[in-house]
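Step one of this worksheet: look at the structure below.
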Amino acid sequence: MFSKRALKILIVLCVVLGVLWALYLYRQIPRRQTPFKTAGQAAVIILKRGTARVELRRKDKEWSVANGSASYATDPERVKTLVSGLENLQIEDKISERADRAAEFGVTSASGTEVSASDAGGRSLGDGLFGKQASDFVHIYFRYPSRPDVYLARGILSGDLGEPAAAYWRSRALVTIPEAEVQAITIRGKGFTTALARSSNTWTLDGSPIDPAPVYSLVGSLCHLQADDFVDLASSPALAPASLTYAHIALQGTHQSASLSIGAEDKAAKRYPVAADPGGAVAWVGENKVNLILVKPSAFHPKKP
């Protein structure tokens, strides 16, 4: 029969083997990897593809994007989509361990989009290379930059990653005054001035009451005016804000004011250069949009008694 000492040793060995077996089984269970689960705490998000690079920065709740020495407000919906997608990202099946297959899945530094996020203290909150959209249009190919392994991931689409270019992330809104807060509009164009003012629910033109319907249409066009593109002033210095004298629009709101300086039309492209305050950035705005906001006094009819 076993001595008590041998029995104790046998029991200890059985316990150790049981623990080792349990650990082995535990390691065989697939674990969900969520490399950007705290992206909502990010203060900096950097996107890179080849030599292109863009940096998004958050201060309090507002995001900005750098463009040379200037910094511009971002499109809040695009940044929200990016951050939400990163937070929801889940790494699933490993489909390749070979570095030579990275290009096949688009997860190289030249073809993929590398995204890195960090908090205000510089601590990394995630880093990954996103490649092609998978054929099921649900998954995307993903690789950690320091490893050759390629994974299928879900939770974000390639379109949610945007582009590593400042123009993509910049807010295209040219006026930020809410429609309900607009109190006065002055339009100075070639040979005309339109001066509109609001008192309660009544609008006046040069002090005379007018039908408010066309005014509300104008207010909507102004408050939702969007840039189609942005002017590169380094290559087009003649389009600097001070040179845009074709027309001027001033808006007065309850809590803020805004102005638009409009330059001569680029007739070939059917667009106008428009500078919006604040910031002095110059945007391209299509001819049809500008025609809706350069309204002459004759467009407004006296209010019927």
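Quick note on naming: the chains in the structure tokens go A, B, ... in the order shown, residues restart at 1 in each chain, and ligands are numbered from 1 in order of appearance.
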
Can you list every residue in stretch 73-265 of chain A that DSSP puts in helix (DSSP H, G or I), as a short mmCIF file (atom, residue, chain, number, x, y, z; two decimals) with C-alpha atoms, in the first residue's frame?
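File out30.cif, as written:
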```cif
data_model
loop_
_atom_site.label_atom_id
_atom_site.label_comp_id
_atom_site.auth_asym_id
_atom_site.auth_seq_id
_atom_site.Cartn_x
_atom_site.Cartn_y
_atom_site.Cartn_z
CA PRO A 76 -19.06 65.34 -36.62
CA GLU A 77 -20.92 62.47 -38.29
CA ARG A 78 -17.81 61.16 -40.05
CA VAL A 79 -15.76 61.20 -36.86
CA LYS A 80 -18.62 59.62 -34.90
CA THR A 81 -18.87 56.81 -37.47
CA LEU A 82 -15.11 56.17 -37.30
CA VAL A 83 -14.94 56.10 -33.49
CA SER A 84 -18.06 53.94 -33.17
CA GLY A 85 -16.74 51.47 -35.74
CA LEU A 86 -13.38 51.21 -33.97
CA GLU A 87 -15.10 50.59 -30.62
CA ASN A 88 -17.27 47.85 -32.16
CA ALA A 99 3.74 37.77 -44.43
CA ASP A 100 3.96 37.28 -48.21
CA ARG A 101 0.16 37.16 -48.44
CA ALA A 102 -0.41 40.57 -46.85
CA ALA A 103 -0.82 42.30 -50.23
CA GLU A 104 -3.47 39.76 -51.24
CA PHE A 105 -5.69 41.03 -48.42
CA SER A 158 -13.84 50.14 -45.18
CA GLY A 159 -15.94 53.22 -45.97
CA ASP A 160 -16.17 54.06 -42.26
CA LEU A 161 -12.40 54.56 -42.17
CA ALA A 166 -7.65 66.60 -44.19
CA ALA A 167 -10.24 67.66 -46.79
CA TYR A 168 -12.22 64.46 -46.22
CA TRP A 169 -12.63 65.11 -42.49
CA GLU A 179 -32.57 78.45 -38.72
CA ALA A 180 -34.80 79.45 -35.79
CA GLU A 181 -32.16 81.89 -34.51
CA ALA A 213 -42.43 82.09 -47.19
CA PRO A 214 -39.56 83.01 -49.57
CA VAL A 215 -37.53 84.27 -46.59
CA TYR A 216 -37.79 80.91 -44.83
CA SER A 217 -36.64 79.23 -48.05
CA LEU A 218 -33.62 81.54 -48.13
CA VAL A 219 -32.88 80.93 -44.44
CA GLY A 220 -32.95 77.17 -45.01
CA SER A 221 -30.58 77.43 -47.97
CA LEU A 222 -28.14 79.56 -45.99
CA CYS A 223 -28.17 77.58 -42.75
CA PRO A 237 -3.50 82.63 -53.80
CA ALA A 238 -5.71 84.86 -55.96
CA LEU A 239 -8.73 83.27 -54.23
CA PRO A 241 -10.81 85.63 -48.71
CA ALA A 242 -9.97 89.34 -49.09
CA SER A 243 -10.20 89.04 -52.89
#
```

Got a sec: who's within 6 Å of A:Ile185, counting only C-alpha atoms, leaving out chain neighbours fewer than 3 positions off, as a list in words?
->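 After dropping sequence-adjacent residues, the list is Leu196, Ala250 and Leu251 of chain A.
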
Restricted to N, CA and C atoms, what would the selected residues look like written as a PDB file, in the first residue's frame?
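What follows is the written file result39.pdb:
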```
ATOM      1  N   LEU A 196     -33.037  92.114 -44.994  1.00  0.00           N
ATOM      2  CA  LEU A 196     -34.168  91.431 -44.363  1.00  0.00           C
ATOM      3  C   LEU A 196     -33.990  91.445 -42.853  1.00  0.00           C
ATOM      4  N   ALA A 250     -24.324  88.755 -44.928  1.00  0.00           N
ATOM      5  CA  ALA A 250     -24.139  88.816 -43.478  1.00  0.00           C
ATOM      6  C   ALA A 250     -25.403  88.288 -42.803  1.00  0.00           C
ATOM      7  N   LEU A 251     -25.233  87.412 -41.833  1.00  0.00           N
ATOM      8  CA  LEU A 251     -26.348  86.879 -41.066  1.00  0.00           C
ATOM      9  C   LEU A 251     -26.166  87.257 -39.603  1.00  0.00           C
TER      10      LEU A 251
END
```

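Excluding A:Ser257 itself and any same-chain residue fewer than 6 positions from it, the protein and nucleic acid residues within 12 Å of it, counting only C-alpha atoms, are Val175, Thr176, Ile177, Pro178, Glu181, Val182, Gln183, Ala184, Ile185, Thr186, Cys223, Ile249, Ala250, Leu251, Ala276, Asp277 and Pro278 of chain A.
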
Determine the nearest neighbour of A:Val115 from the options A:Asp75, A:Asp136, A:Asp206, A:Glu55, counting only C-alpha atoms.
->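 That would be A:Glu55, the residue with the smallest distance to A:Val115.
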
Give me the residues within 8 Å of A:Ile46 as a list in words, counting only C-alpha atoms and dropping any in the same chain fewer than 5 places off.
-> Arg53, Val54, Glu55, Leu56, Glu114, Val115, Ser116 and Ala117 of chain A

If you keep N, CA and C atoms, can you produce a file of those selected residues as a PDB file, in the first residue's frame?
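out_16.pdb written:
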```pdb
ATOM      1  N   ARG A  53      -1.109  60.958 -44.633  1.00  0.00           N
ATOM      2  CA  ARG A  53      -1.304  60.889 -43.188  1.00  0.00           C
ATOM      3  C   ARG A  53      -2.229  62.027 -42.765  1.00  0.00           C
ATOM      4  N   VAL A  54      -3.136  61.740 -41.849  1.00  0.00           N
ATOM      5  CA  VAL A  54      -4.002  62.781 -41.298  1.00  0.00           C
ATOM      6  C   VAL A  54      -4.157  62.540 -39.799  1.00  0.00           C
ATOM      7  N   GLU A  55      -4.255  63.624 -39.061  1.00  0.00           N
ATOM      8  CA  GLU A  55      -4.348  63.537 -37.599  1.00  0.00           C
ATOM      9  C   GLU A  55      -5.603  64.258 -37.116  1.00  0.00           C
ATOM     10  N   LEU A  56      -6.421  63.521 -36.400  1.00  0.00           N
ATOM     11  CA  LEU A  56      -7.629  64.078 -35.799  1.00  0.00           C
ATOM     12  C   LEU A  56      -7.370  64.278 -34.310  1.00  0.00           C
ATOM     13  N   GLU A 114      -3.768  52.282 -41.926  1.00  0.00           N
ATOM     14  CA  GLU A 114      -3.358  52.053 -40.540  1.00  0.00           C
ATOM     15  C   GLU A 114      -4.006  53.107 -39.649  1.00  0.00           C
ATOM     16  N   VAL A 115      -4.636  52.643 -38.590  1.00  0.00           N
ATOM     17  CA  VAL A 115      -5.301  53.539 -37.649  1.00  0.00           C
ATOM     18  C   VAL A 115      -4.682  53.336 -36.274  1.00  0.00           C
ATOM     19  N   SER A 116      -4.280  54.427 -35.638  1.00  0.00           N
ATOM     20  CA  SER A 116      -3.777  54.361 -34.269  1.00  0.00           C
ATOM     21  C   SER A 116      -4.516  55.398 -33.444  1.00  0.00           C
ATOM     22  N   ALA A 117      -4.846  55.020 -32.223  1.00  0.00           N
ATOM     23  CA  ALA A 117      -5.572  55.917 -31.318  1.00  0.00           C
ATOM     24  C   ALA A 117      -4.820  56.004 -29.999  1.00  0.00           C
TER      25      ALA A 117
END
```

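Taking atom CA of A:Ser199 as the reference point, atom CA of A:Asp211 is found at 13.1 Å.
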
Stretch 44-163 of chain A: which residues are strand (DSSP E) by DSSP, as a VMD selection string?
-> chain A and resid 44 to 49 52 to 59 62 to 67 70 to 73 90 to 96 113 to 118 124 to 133 139 to 143 150 to 154

Write out as a list of chain:residue names each polymer residue whose atoms come within 8 Å of stretch 227-230 of chain A, counting only C-alpha atoms; drop sequence neighbours fewer than 3 positions from it.
->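 Residues near the query, excluding close chain neighbours: A:Ala167, A:Arg172, A:Ala173, A:Leu174, A:Ala281, A:Val282, A:Ala283, A:Trp284, A:Val285, A:Gly286.
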
Just how far from atom CA of A:Pro164 is atom CA of A:Ala52, in Å to one decimal?
-> 5.9 Å

So, counting only C-alpha atoms, which residue among A:Gly122, A:Pro297, A:Gly106, A:Pro302 is closest to A:Thr194?
->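 Among A:Gly122, A:Pro297, A:Gly106, A:Pro302, it is A:Pro297 that comes nearest to A:Thr194.
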
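In this model, the gap between atom CA of A:Ile262 and atom CA of A:Ala275 comes to 6.5 Å.
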